[in-house]
Amino acid sequence: MAGELKYAEAIRRALADELATDPAVVVMGQEIEALGGVFTATQGLAERFEGRVLDTPLAESATVGWAIGAAMAGLRPVVEIMFMDFITTAMDQIVNGAAKLRYMSGGQVAVPIVIRTPSDAGTGHGPQHSQHLETWFAHVPGLVVAMPSTVADAYWMLRHSIQDDNPVVFVESKYLYFRESGEIGATGAADHPYAARIARSGRSVTIVTAGRMVAESLAAAESLATEGIDCEVVDLRFIWPYDREALTESVERTNRLIVVHEAVGDFGWGGEVCSWAASELFYSLDAPIRRLAAPRAPIPFASHLESVIVPDRSAIESAVRDLARH
Amino acid sequence: MAGELKYAEAIRRALADELATDPAVVVMGQEIEALGGVFTATQGLAERFEGRVLDTPLAESATVGWAIGAAMAGLRPVVEIMFMDFITTAMDQIVNGAAKLRYMSGGQVAVPIVIRTPSDAGTGHGPQHSQHLETWFAHVPGLVVAMPSTVADAYWMLRHSIQDDNPVVFVESKYLYFRESGEIGATGAADHPYAARIARSGRSVTIVTAGRMVAESLAAAESLATEGIDCEVVDLRFIWPYDREALTESVERTNRLIVVHEAVGDFGWGGEVCSWAASELFYSLDAPIRRLAAPRAPIPFASHLESVIVPDRSAIESAVRDLARH
Amino acid sequence: MTNPSEMPVGDTPSDRLKLYETMVRIRELETGIESLHYGGRMHGSFHSSMGQEAAAAGVIGCLRPTDLVTSTHRGHGHAIAKGMRPTTIIAELLGLQQGSSGGKGGSMHLHDVACGFLGENAIVAGGVPWAAGAAWASRRLGKDLVAVSFVGDGGVAQGVLAETLRMARTWGTPLLVACENNHLAHSMPVERTFGEPGSIAGWAAGFGMRAEYVAGDDVFAVHRMAAEMIDEVRATGRAAFVEIEAWRVRAHSLNDPDYRYLAKDLGKSYLQTHDPIANAERDLPLTEADATAIRERIAREIAEAIDAAFEGQAAPVRSATTGVYSEAFEQEGRLRGW
Amino acid sequence: MTNPSEMPVGDTPSDRLKLYETMVRIRELETGIESLHYGGRMHGSFHSSMGQEAAAAGVIGCLRPTDLVTSTHRGHGHAIAKGMRPTTIIAELLGLQQGSSGGKGGSMHLHDVACGFLGENAIVAGGVPWAAGAAWASRRLGKDLVAVSFVGDGGVAQGVLAETLRMARTWGTPLLVACENNHLAHSMPVERTFGEPGSIAGWAAGFGMRAEYVAGDDVFAVHRMAAEMIDEVRATGRAAFVEIEAWRVRAHSLNDPDYRYLAKDLGKSYLQTHDPIANAERDLPLTEADATAIRERIAREIAEAIDAAFEGQAAPVRSATTGVYSEAFEQEGRLRGW
Ligand SMILES: Cc1ncc(C[n+]2csc(CCOP(=O)(O)OP(=O)(O)O)c2C)c(N)n1
Ligand SMILES: Cc1ncc(C[n+]2csc(CCOP(=O)(O)OP(=O)(O)O)c2C)c(N)n1
Ligand SMILES: [Mg+2]
Ligand SMILES: [Mg+2]
């Protein structure tokens, strides 16, 4: 189809459109200029936007700090961290700098930066190239955490994040870069920028998820539908802020909640959603809340081991079946 | 009393006793040798254990990496990170190194290191010297996360952690260093090393907490007792692994659960405990689970603002009162 | 066209006097803060730059108001030199609404963007890439400005500093890193980590940038060196590094037991021989009467600033949980229950 | 007393032959891995060290079996040179139980502690402090060993490297950092970040340690330089740094579209003139017949190793979630429901 793009292309298109629209936007990172991004997200942009899509030395911490300074001076830098695991080398600048500067300067300083970074297992990259760490950032006051699951969201959420006056950690799905395609459509979220998306309406069980797990959940939902279990799939889109109105509305209808994510379950963001719901939606719940997420292990290299770790449609199906039976 | 020590002294005693017992133990960090630690935790140790308590340059990342290498070669390094916020500069080594090495080497490499670091607000140190980040580490497979609340635990848990064959992030309470005193006693945890401690037995409500918030919770419990609300205070001691047996036992008796911590509530470890309980103890609960924790903000400098952020006994009292009323 | 009031100080007698006055202002402010602490009227940590005033006054004295500065945990002197008002500083340290950050930041988080003081950073060396990025961005936005980033000798060990120098070399940015080698990183003697004074500059030169050493007890020497380097940085858009040697005269922070690692009167004896303020009085030269008059005027100024700060109101309690995100975002959140 | 089998190779003809054979073994292993990938029999990323074999063979050839090595994402050559068995490597890359990490690590996480290969690290420069700390600790434990840490030119920009060199200078540790300057950090030309070959060594010298440059197309030159430096490191317990220049001949990783930033035949033409293997054949000298015989023998060896690896079993599924913590800890956890 003419209008169809891959997820990676949607990211590129969003960058291009922001670069074209706002002269304050610059893109910084490793392998983004000469190579065009290891996942092609910046391919062709350096040529098209001369001097605004720039290779950095191999120095994540200075790069993020530099972007913070550039933001202070009026730019809107977008930083690419090549794999989410590498963001560990820049945590100080993100957490003690970007996240706290507005507050600790009493509002004098704003840091409108976006840190794009891909996560996901499933690509054979091994234990230091696959970790999901979005929960960390959602725990840090001052940050926004985005995690798009579709081509349209990859595009619109990135555009929105670049224009957001707050620092955004933008978690892309490397699994979906070349697997997910779709149209960008005419606009972003229906209601407000941080609104969740009802990826599938249903009456039996609410599945709350984000990123790559949305597609897995939808596939599970289709197959469960043949058994008479009618799932509602809520794509959170933003891990912080997350859309409590949408969750309330959904759970009040289905009375059953399961959260599915690829990050490790223990102390993962599912815990936040579940415990918020256990507190605020307690009387709407007919069954214990369930979480389905990665077990407590790094991501192994071998693909048959990797697939033990990452929740998939069949794991979702059996968890939901279990929950529906309650 | 003769046997009484301060919390900071208990840490020092534990270091001294491990240094005396195990020649493989070394202590590394900033200001720990010549100065004896900014919180006196290593005072006198450099003189007593020559060449084994060592000042590093101002380089947290290399220091943790160096400790990892030293552990690979047979030592048991204890690293001090002066304030927990600074641990952000060493995240790669902790998360991609210490936590993953055993797994990604197929068991060839063990990394028995302890990273001691103080957290807590309440001391006027401001937004970059007060953040609680233990949830991050609890989310990372491969790490153990300790958070002692008493003098006895500061001592026994540190000794245990140094002998633990796994990397331990050991979160000390800088608020309690010179405020909390007590005796070390003859032994550590009753049951097993990671067991929770019932700091107070009660029948109406289970308060699950750790670190500095244990004392606040106990104070709240005393005052609530006069109103006929009989709180059980469970001191988790370890954020990971946390003692699910003790929680089950307690909540099955009280049927009411509140988690209290000083870390930011959103995506904090309370979410894990609550959502685990909402899933596993659902039918034992007579009321929605509550969390009481810091709001979504950095720690401000001014003490009257700081005290808005940190939960205190009166906040705990009203939250528990509310819960008991359900 | 540069507005005359935008001109940095040069080498005229009145310019030289201005450098002297800045140093006195810093000294008075910091001793004032100490008194407030000792009098139990202030809380929190405080890191005095006593003895190092020539670095702040000398380097920042070369800057235009539009130029930018980032600082460290020991940044009151830099703030003053860049034009921050003493009252605002004191009010911040008192946790008042009138403080530069409304009481949220405290002593290690002074910011005054209006006068180009981008701010302190309590994370050692963490502010260096901010300055680099801000200078680079400003240049792209057509502003002819430079940035100075202060860092301590201890901070030179931090990886982010090396990364920033590398990136500055690769990308180019009108940045001067001003390293105040005060012989100590808390209790760590600089010799142990870096070697003799000048070695830090030697190391920085290895990045392929101009790097100089200057003694920090002579504000005019510091000023001359910095002026020349800043001119070059401004003209070429390329980064440079200056190591300024001094001694930390006070304990690391207010209540640090420095007797554990330092001879107690080391600081005092340094001031007797190397006090940049006394040296400037000699070199200007100033008569004792003139010097006394200036010092008393500035002391009064600071005393008034302190009094004015005490007039302020406690920061409102609700400010503790607001201003974390942009106003629009927080409004949306209130509406939607985040 | 050093056991003769513990002696590193020296400069006898048979020693020199050994260096040559190591290079051939690395080349054969890596081209074997490429074939497996192209044949669809292997998955995951793979970073070839083709053209850089002299660094691995020359430096590690100076080491004793008890000496230690840490490596990068491009570490198959280092692993082979340190004595790791090709079968174990291939099995790891196939995700098999017999792999060095039981299939959990893959190409960027080879470890063989028994032969002193502490491991690769896929985080650029992240392994350097491991080597520094391991060498330091071993020295304290009375072992007369040294450690070598490999790092790429790109990795020199990482803060942790600078921090480690600083700490090595301050604490002392018998460490040699061997920087393979292969002219590229993925697509970033070394000139842009560092300058001409030799500049990296120049920068490292600024830390106050011995730092040398050597061309990486002559394994004997690399070996002579490394042997001298390692002797000194071993004798003094002080760290040193060597920059070894070569070219990356293959794409950054197996499926990298390097034509986007590189003339397609640059690698090939480098090999025509600078191939360390061809150079060694000329310098040894070896007759063509002898060289062919050696290459064929080693090719057979590798082919057999590959066949042997394919005999292995898939890592058991339960291993995906075990071995995260110590055995005792995991047992306790199973008991108590963590
Ligand atoms: C990353 C980090 N590590 C440690 C500290 C604690 N700390 C604060 S100041 C200081 C010493 C700094 O020495 P130097 O850079 O020489 O500055 P000076 O205090 O001498 O002005 C240390 C270790 C910190 N603030 N940040
Ligand atoms: C901290 C970190 N940042 C980025 C990467 C991605 N990455 C892997 S290899 C590489 C280039 C490394 O260049 P160099 O150090 O010269 O080694 P070479 O690949 O040339 O052997 C990059 C950017 C990484 N692995 N780790
Ligand atoms: Mg200093
Ligand atoms: Mg390279």
# chains A, B, ... in the order shown; residues from 1 in each chain; ligands from 1
call {"tool": "select_by_dssp", "arguments": {"residues": "stretch 252-316 of chain B", "states": "alpha helix (DSSP H)", "output": "VMD selection string"}}
result
chain B and resid 252 to 254 269 to 280 303 to 309 313 to 316
call {"tool": "interface_residues", "arguments": {"of": "chain C", "to": "chain A", "cutoff": "8 Å", "atoms": "only C-alpha atoms", "output": "ChimeraX atom specification"}}
result
/C:100-105,109-113,119,123,126-138,160-161,163-164,166-167,170-171,322-326,336-338
call {"tool": "closest_atom_pairs", "arguments": {"of": "chain D", "to": "chain C", "cutoff": "10 Å", "atoms": "only C-alpha atoms", "output": "tab-separated table"}}
result
residue	atom	partner	partner_atom	distance
D:Val156	CA	C:Glu163	CA	9.1
D:Ala157	CA	C:Glu163	CA	5.8
D:Gln158	CA	C:Glu163	CA	6.2
D:Gly159	CA	C:Gly159	CA	3.5
D:Val160	CA	C:Gly159	CA	5.5
D:Leu161	CA	C:Gly159	CA	7.5
D:Ala162	CA	C:Gly159	CA	6.0
D:Glu163	CA	C:Gly159	CA	5.4
D:Thr164	CA	C:Gly159	CA	8.9
D:Leu165	CA	C:Ala157	CA	9.3
D:Arg166	CA	C:Ala157	CA	6.4
D:Met167	CA	C:Thr193	CA	7.6
D:Ala168	CA	C:Thr193	CA	9.6
D:Arg169	CA	C:Thr193	CA	7.3
D:Thr170	CA	C:Thr193	CA	5.2
D:Trp171	CA	C:Thr193	CA	8.7
D:Glu191	CA	C:Thr170	CA	9.3
D:Arg192	CA	C:Thr170	CA	6.2
D:Thr193	CA	C:Thr170	CA	5.2
D:Phe194	CA	C:Thr170	CA	7.8
D:Gly195	CA	C:Gly208	CA	8.7
D:Ser199	CA	C:Gly206	CA	8.3
D:Ile200	CA	C:Gly206	CA	8.7
D:Ala201	CA	C:Gly206	CA	9.5
D:Gly202	CA	C:Gly206	CA	6.5
D:Trp203	CA	C:Gly206	CA	4.5
D:Ala204	CA	C:Gly206	CA	7.8
D:Ala205	CA	C:Gly206	CA	8.1
D:Gly206	CA	C:Trp203	CA	4.5
D:Phe207	CA	C:Trp203	CA	6.3
D:Gly208	CA	C:Phe194	CA	8.5
call {"tool": "interface_residues", "arguments": {"of": "chain B", "to": "chain A", "cutoff": "6 Å", "atoms": "only C-alpha atoms", "output": "number ranges by chain"}}
result
B: 88-89, 91-92, 136, 139, 141, 266-267, 269, 271-272, 274-275, 279, 282, 288-290, 296-297
call {"tool": "residues_near_ligand", "arguments": {"ligand": "ligand 3", "cutoff": "12 Å", "atoms": "only C-alpha atoms and all ligand atoms", "output": "PDB file with N, CA and C atoms, in the first residue's frame"}}
result
ATOM      1  N   PRO B  57      40.310   7.858  43.329  1.00  0.00           N
ATOM      2  CA  PRO B  57      40.028   9.151  42.692  1.00  0.00           C
ATOM      3  C   PRO B  57      38.501   9.320  42.548  1.00  0.00           C
ATOM      4  N   LEU B  58      38.110  10.493  42.152  1.00  0.00           N
ATOM      5  CA  LEU B  58      36.692  10.832  42.008  1.00  0.00           C
ATOM      6  C   LEU B  58      36.173  10.203  40.713  1.00  0.00           C
TER       7      LEU B  58
ATOM      8  N   HIS C  47      30.028  25.192  50.935  1.00  0.00           N
ATOM      9  CA  HIS C  47      31.420  24.996  50.533  1.00  0.00           C
ATOM     10  C   HIS C  47      32.028  26.355  50.220  1.00  0.00           C
ATOM     11  N   SER C  48      32.938  26.780  51.051  1.00  0.00           N
ATOM     12  CA  SER C  48      33.527  28.106  50.893  1.00  0.00           C
ATOM     13  C   SER C  48      34.635  28.114  49.837  1.00  0.00           C
ATOM     14  N   SER C  49      34.695  29.204  49.089  1.00  0.00           N
ATOM     15  CA  SER C  49      35.772  29.343  48.104  1.00  0.00           C
ATOM     16  C   SER C  49      36.852  30.313  48.603  1.00  0.00           C
ATOM     17  N   GLN C  52      40.226  31.326  46.938  1.00  0.00           N
ATOM     18  CA  GLN C  52      40.151  31.050  45.507  1.00  0.00           C
ATOM     19  C   GLN C  52      39.432  32.165  44.740  1.00  0.00           C
ATOM     20  N   THR C  72      30.213  24.581  40.100  1.00  0.00           N
ATOM     21  CA  THR C  72      30.348  23.343  40.872  1.00  0.00           C
ATOM     22  C   THR C  72      29.525  23.427  42.157  1.00  0.00           C
ATOM     23  N   HIS C  73      29.862  22.580  43.115  1.00  0.00           N
ATOM     24  CA  HIS C  73      29.289  22.673  44.461  1.00  0.00           C
ATOM     25  C   HIS C  73      29.862  23.867  45.211  1.00  0.00           C
ATOM     26  N   ARG C  74      30.962  24.400  44.720  1.00  0.00           N
ATOM     27  CA  ARG C  74      31.657  25.495  45.415  1.00  0.00           C
ATOM     28  C   ARG C  74      31.532  26.748  44.564  1.00  0.00           C
ATOM     29  N   VAL C 124      29.942  16.289  40.777  1.00  0.00           N
ATOM     30  CA  VAL C 124      31.250  16.788  40.379  1.00  0.00           C
ATOM     31  C   VAL C 124      31.459  16.600  38.869  1.00  0.00           C
ATOM     32  N   ALA C 125      31.827  17.657  38.196  1.00  0.00           N
ATOM     33  CA  ALA C 125      32.114  17.710  36.750  1.00  0.00           C
ATOM     34  C   ALA C 125      30.877  17.601  35.867  1.00  0.00           C
ATOM     35  N   PHE C 150      33.476  25.895  35.308  1.00  0.00           N
ATOM     36  CA  PHE C 150      34.433  25.659  36.384  1.00  0.00           C
ATOM     37  C   PHE C 150      34.374  24.194  36.808  1.00  0.00           C
ATOM     38  N   VAL C 151      35.512  23.688  37.227  1.00  0.00           N
ATOM     39  CA  VAL C 151      35.584  22.326  37.735  1.00  0.00           C
ATOM     40  C   VAL C 151      36.739  22.289  38.726  1.00  0.00           C
ATOM     41  N   GLY C 152      36.682  21.402  39.694  1.00  0.00           N
ATOM     42  CA  GLY C 152      37.786  21.278  40.651  1.00  0.00           C
ATOM     43  C   GLY C 152      38.840  20.309  40.147  1.00  0.00           C
ATOM     44  N   ASP C 153      39.947  20.245  40.857  1.00  0.00           N
ATOM     45  CA  ASP C 153      40.986  19.279  40.482  1.00  0.00           C
ATOM     46  C   ASP C 153      40.440  17.857  40.597  1.00  0.00           C
ATOM     47  N   GLY C 154      39.709  17.597  41.660  1.00  0.00           N
ATOM     48  CA  GLY C 154      39.161  16.248  41.821  1.00  0.00           C
ATOM     49  C   GLY C 154      38.272  15.877  40.667  1.00  0.00           C
ATOM     50  N   GLY C 155      37.502  16.851  40.194  1.00  0.00           N
ATOM     51  CA  GLY C 155      36.560  16.612  39.109  1.00  0.00           C
ATOM     52  C   GLY C 155      37.229  16.202  37.805  1.00  0.00           C
ATOM     53  N   VAL C 156      38.515  16.476  37.692  1.00  0.00           N
ATOM     54  CA  VAL C 156      39.221  16.113  36.461  1.00  0.00           C
ATOM     55  C   VAL C 156      39.281  14.593  36.289  1.00  0.00           C
ATOM     56  N   ALA C 157      39.117  13.858  37.373  1.00  0.00           N
ATOM     57  CA  ALA C 157      39.126  12.393  37.269  1.00  0.00           C
ATOM     58  C   ALA C 157      37.829  11.832  36.701  1.00  0.00           C
ATOM     59  N   CYS C 179      39.776  25.058  35.498  1.00  0.00           N
ATOM     60  CA  CYS C 179      39.956  24.074  36.569  1.00  0.00           C
ATOM     61  C   CYS C 179      40.614  24.745  37.762  1.00  0.00           C
ATOM     62  N   GLU C 180      39.895  24.803  38.860  1.00  0.00           N
ATOM     63  CA  GLU C 180      40.468  25.363  40.083  1.00  0.00           C
ATOM     64  C   GLU C 180      41.166  24.252  40.847  1.00  0.00           C
ATOM     65  N   ASN C 181      42.445  24.205  40.682  1.00  0.00           N
ATOM     66  CA  ASN C 181      43.243  23.222  41.416  1.00  0.00           C
ATOM     67  C   ASN C 181      43.547  23.813  42.785  1.00  0.00           C
ATOM     68  N   ASN C 182      42.742  23.428  43.756  1.00  0.00           N
ATOM     69  CA  ASN C 182      42.939  23.957  45.112  1.00  0.00           C
ATOM     70  C   ASN C 182      43.640  22.935  45.993  1.00  0.00           C
ATOM     71  N   HIS C 183      44.381  22.066  45.340  1.00  0.00           N
ATOM     72  CA  HIS C 183      45.265  21.107  46.015  1.00  0.00           C
ATOM     73  C   HIS C 183      44.545  19.962  46.695  1.00  0.00           C
ATOM     74  N   LEU C 184      43.248  20.034  46.774  1.00  0.00           N
ATOM     75  CA  LEU C 184      42.518  18.990  47.497  1.00  0.00           C
ATOM     76  C   LEU C 184      41.205  18.683  46.786  1.00  0.00           C
ATOM     77  N   ALA C 185      40.895  17.400  46.732  1.00  0.00           N
ATOM     78  CA  ALA C 185      39.541  16.980  46.405  1.00  0.00           C
ATOM     79  C   ALA C 185      39.005  16.383  47.699  1.00  0.00           C
ATOM     80  N   HIS C 186      38.315  17.201  48.424  1.00  0.00           N
ATOM     81  CA  HIS C 186      37.955  16.862  49.795  1.00  0.00           C
ATOM     82  C   HIS C 186      39.241  16.496  50.558  1.00  0.00           C
ATOM     83  N   SER C 187      39.481  15.239  50.858  1.00  0.00           N
ATOM     84  CA  SER C 187      40.718  14.925  51.586  1.00  0.00           C
ATOM     85  C   SER C 187      41.831  14.415  50.685  1.00  0.00           C
ATOM     86  N   MET C 188      41.547  14.279  49.404  1.00  0.00           N
ATOM     87  CA  MET C 188      42.536  13.668  48.494  1.00  0.00           C
ATOM     88  C   MET C 188      43.497  14.729  47.975  1.00  0.00           C
ATOM     89  N   PRO C 189      44.798  14.637  48.311  1.00  0.00           N
ATOM     90  CA  PRO C 189      45.757  15.628  47.820  1.00  0.00           C
ATOM     91  C   PRO C 189      45.920  15.502  46.307  1.00  0.00           C
ATOM     92  N   VAL C 190      45.966  16.607  45.645  1.00  0.00           N
ATOM     93  CA  VAL C 190      46.031  16.599  44.187  1.00  0.00           C
ATOM     94  C   VAL C 190      47.268  15.855  43.688  1.00  0.00           C
ATOM     95  N   GLU C 191      48.330  15.890  44.459  1.00  0.00           N
ATOM     96  CA  GLU C 191      49.560  15.229  44.017  1.00  0.00           C
ATOM     97  C   GLU C 191      49.335  13.732  43.823  1.00  0.00           C
ATOM     98  N   THR C 193      46.667  12.089  42.881  1.00  0.00           N
ATOM     99  CA  THR C 193      45.926  11.712  41.673  1.00  0.00           C
ATOM    100  C   THR C 193      46.556  12.275  40.399  1.00  0.00           C
ATOM    101  N   PHE C 194      47.117  13.479  40.501  1.00  0.00           N
ATOM    102  CA  PHE C 194      47.517  14.167  39.264  1.00  0.00           C
ATOM    103  C   PHE C 194      48.983  14.548  39.183  1.00  0.00           C
ATOM    104  N   PRO C 197      51.359  20.799  40.418  1.00  0.00           N
ATOM    105  CA  PRO C 197      50.553  21.803  39.721  1.00  0.00           C
ATOM    106  C   PRO C 197      51.043  21.963  38.283  1.00  0.00           C
ATOM    107  N   ILE C 200      47.680  18.948  35.430  1.00  0.00           N
ATOM    108  CA  ILE C 200      46.310  18.846  34.914  1.00  0.00           C
ATOM    109  C   ILE C 200      46.227  19.540  33.557  1.00  0.00           C
ATOM    110  N   GLU C 243      44.220  25.782  34.013  1.00  0.00           N
ATOM    111  CA  GLU C 243      44.352  25.293  35.391  1.00  0.00           C
ATOM    112  C   GLU C 243      44.793  26.451  36.264  1.00  0.00           C
ATOM    113  N   ILE C 244      44.037  26.711  37.309  1.00  0.00           N
ATOM    114  CA  ILE C 244      44.339  27.848  38.181  1.00  0.00           C
ATOM    115  C   ILE C 244      44.671  27.301  39.566  1.00  0.00           C
ATOM    116  N   GLU C 245      45.886  27.496  39.995  1.00  0.00           N
ATOM    117  CA  GLU C 245      46.313  26.899  41.255  1.00  0.00           C
ATOM    118  C   GLU C 245      45.982  27.800  42.436  1.00  0.00           C
ATOM    119  N   ALA C 246      45.433  27.214  43.470  1.00  0.00           N
ATOM    120  CA  ALA C 246      45.203  27.938  44.719  1.00  0.00           C
ATOM    121  C   ALA C 246      45.250  26.913  45.852  1.00  0.00           C
ATOM    122  N   TRP C 247      44.754  27.298  46.992  1.00  0.00           N
ATOM    123  CA  TRP C 247      44.610  26.348  48.087  1.00  0.00           C
ATOM    124  C   TRP C 247      43.207  26.474  48.659  1.00  0.00           C
ATOM    125  N   ARG C 248      42.665  25.349  49.024  1.00  0.00           N
ATOM    126  CA  ARG C 248      41.408  25.413  49.756  1.00  0.00           C
ATOM    127  C   ARG C 248      41.755  25.815  51.178  1.00  0.00           C
ATOM    128  N   VAL C 249      41.178  26.928  51.598  1.00  0.00           N
ATOM    129  CA  VAL C 249      41.580  27.521  52.870  1.00  0.00           C
ATOM    130  C   VAL C 249      40.671  27.057  53.997  1.00  0.00           C
ATOM    131  N   ARG C 250      39.427  26.860  53.682  1.00  0.00           N
ATOM    132  CA  ARG C 250      38.478  26.341  54.667  1.00  0.00           C
ATOM    133  C   ARG C 250      38.396  24.819  54.548  1.00  0.00           C
ATOM    134  N   ALA C 251      37.684  24.238  55.496  1.00  0.00           N
ATOM    135  CA  ALA C 251      37.382  22.806  55.392  1.00  0.00           C
ATOM    136  C   ALA C 251      36.560  22.586  54.128  1.00  0.00           C
ATOM    137  N   HIS C 252      36.506  21.336  53.677  1.00  0.00           N
ATOM    138  CA  HIS C 252      35.777  21.036  52.438  1.00  0.00           C
ATOM    139  C   HIS C 252      34.364  21.607  52.484  1.00  0.00           C
ATOM    140  N   SER C 253      33.667  21.297  53.529  1.00  0.00           N
ATOM    141  CA  SER C 253      32.369  21.944  53.726  1.00  0.00           C
ATOM    142  C   SER C 253      32.293  22.353  55.185  1.00  0.00           C
TER     143      SER C 253
END
call {"tool": "select_by_dssp", "arguments": {"residues": "stretch 38-260 of chain A", "states": "strand (DSSP E or B)", "output": "VMD selection string"}}
result
chain A and resid 53 to 55 76 to 80 114 to 119 144 to 146 168 to 173 181 to 182 197 to 200 205 to 209 231 to 235 238 to 240 257 to 260
call {"tool": "residues_around", "arguments": {"residues": "D:Asp231", "least_positions_apart": "2", "cutoff": "12 Å", "atoms": "only C-alpha atoms", "output": "MDAnalysis selection string"}}
result
chainID D and resid 8 10 59 62:64 144:147 174:176 223:229 233:240
call {"tool": "residues_around", "arguments": {"residues": "C:Val242", "least_positions_apart": "3", "cutoff": "7 Å", "atoms": "only C-alpha atoms", "output": "list in words"}}
result
Val177, Ala178, Cys179, Ala201, Ala211, Glu212 and Tyr213 of chain C
call {"tool": "write_last_selection", "arguments": {"atoms": "N, CA and C atoms", "output": "tab-separated table (two decimals), in the first residue's frame"}}
result
chain	number	residue	atom	x	y	z
C	177	VAL	N	37.27	25.61	29.85
C	177	VAL	CA	37.16	24.89	31.12
C	177	VAL	C	38.17	25.50	32.08
C	178	ALA	N	37.66	25.99	33.19
C	178	ALA	CA	38.53	26.62	34.19
C	178	ALA	C	38.62	25.68	35.38
C	179	CYS	N	39.78	25.06	35.50
C	179	CYS	CA	39.96	24.07	36.57
C	179	CYS	C	40.61	24.74	37.76
C	201	ALA	N	46.83	20.71	33.47
C	201	ALA	CA	46.86	21.39	32.18
C	201	ALA	C	47.59	20.54	31.14
C	211	ALA	N	45.99	24.56	26.51
C	211	ALA	CA	45.80	24.36	27.95
C	211	ALA	C	46.92	25.07	28.67
C	212	GLU	N	46.56	25.89	29.63
C	212	GLU	CA	47.56	26.70	30.33
C	212	GLU	C	47.43	26.54	31.83
C	213	TYR	N	48.52	26.88	32.51
C	213	TYR	CA	48.53	26.90	33.97
C	213	TYR	C	48.75	28.34	34.42
call {"tool": "closest_residue", "arguments": {"among": "D:Glu34, D:Asp256, D:Asp67, D:Glu28", "to": "ligand 2", "atoms": "only C-alpha atoms and all ligand atoms"}}
result
D:Asp256
call {"tool": "residues_around", "arguments": {"residues": "A:Thr254", "least_positions_apart": "5", "cutoff": "7 Å", "atoms": "only C-alpha atoms", "output": "list in words"}}
result
Arg203, Ser204, Val205 and Thr206 of chain A
call {"tool": "residues_around", "arguments": {"residues": "C:Ser14", "least_positions_apart": "5", "cutoff": "12 Å", "atoms": "only C-alpha atoms", "output": "ChimeraX atom specification"}}
result
/C:9,19-21,284-285
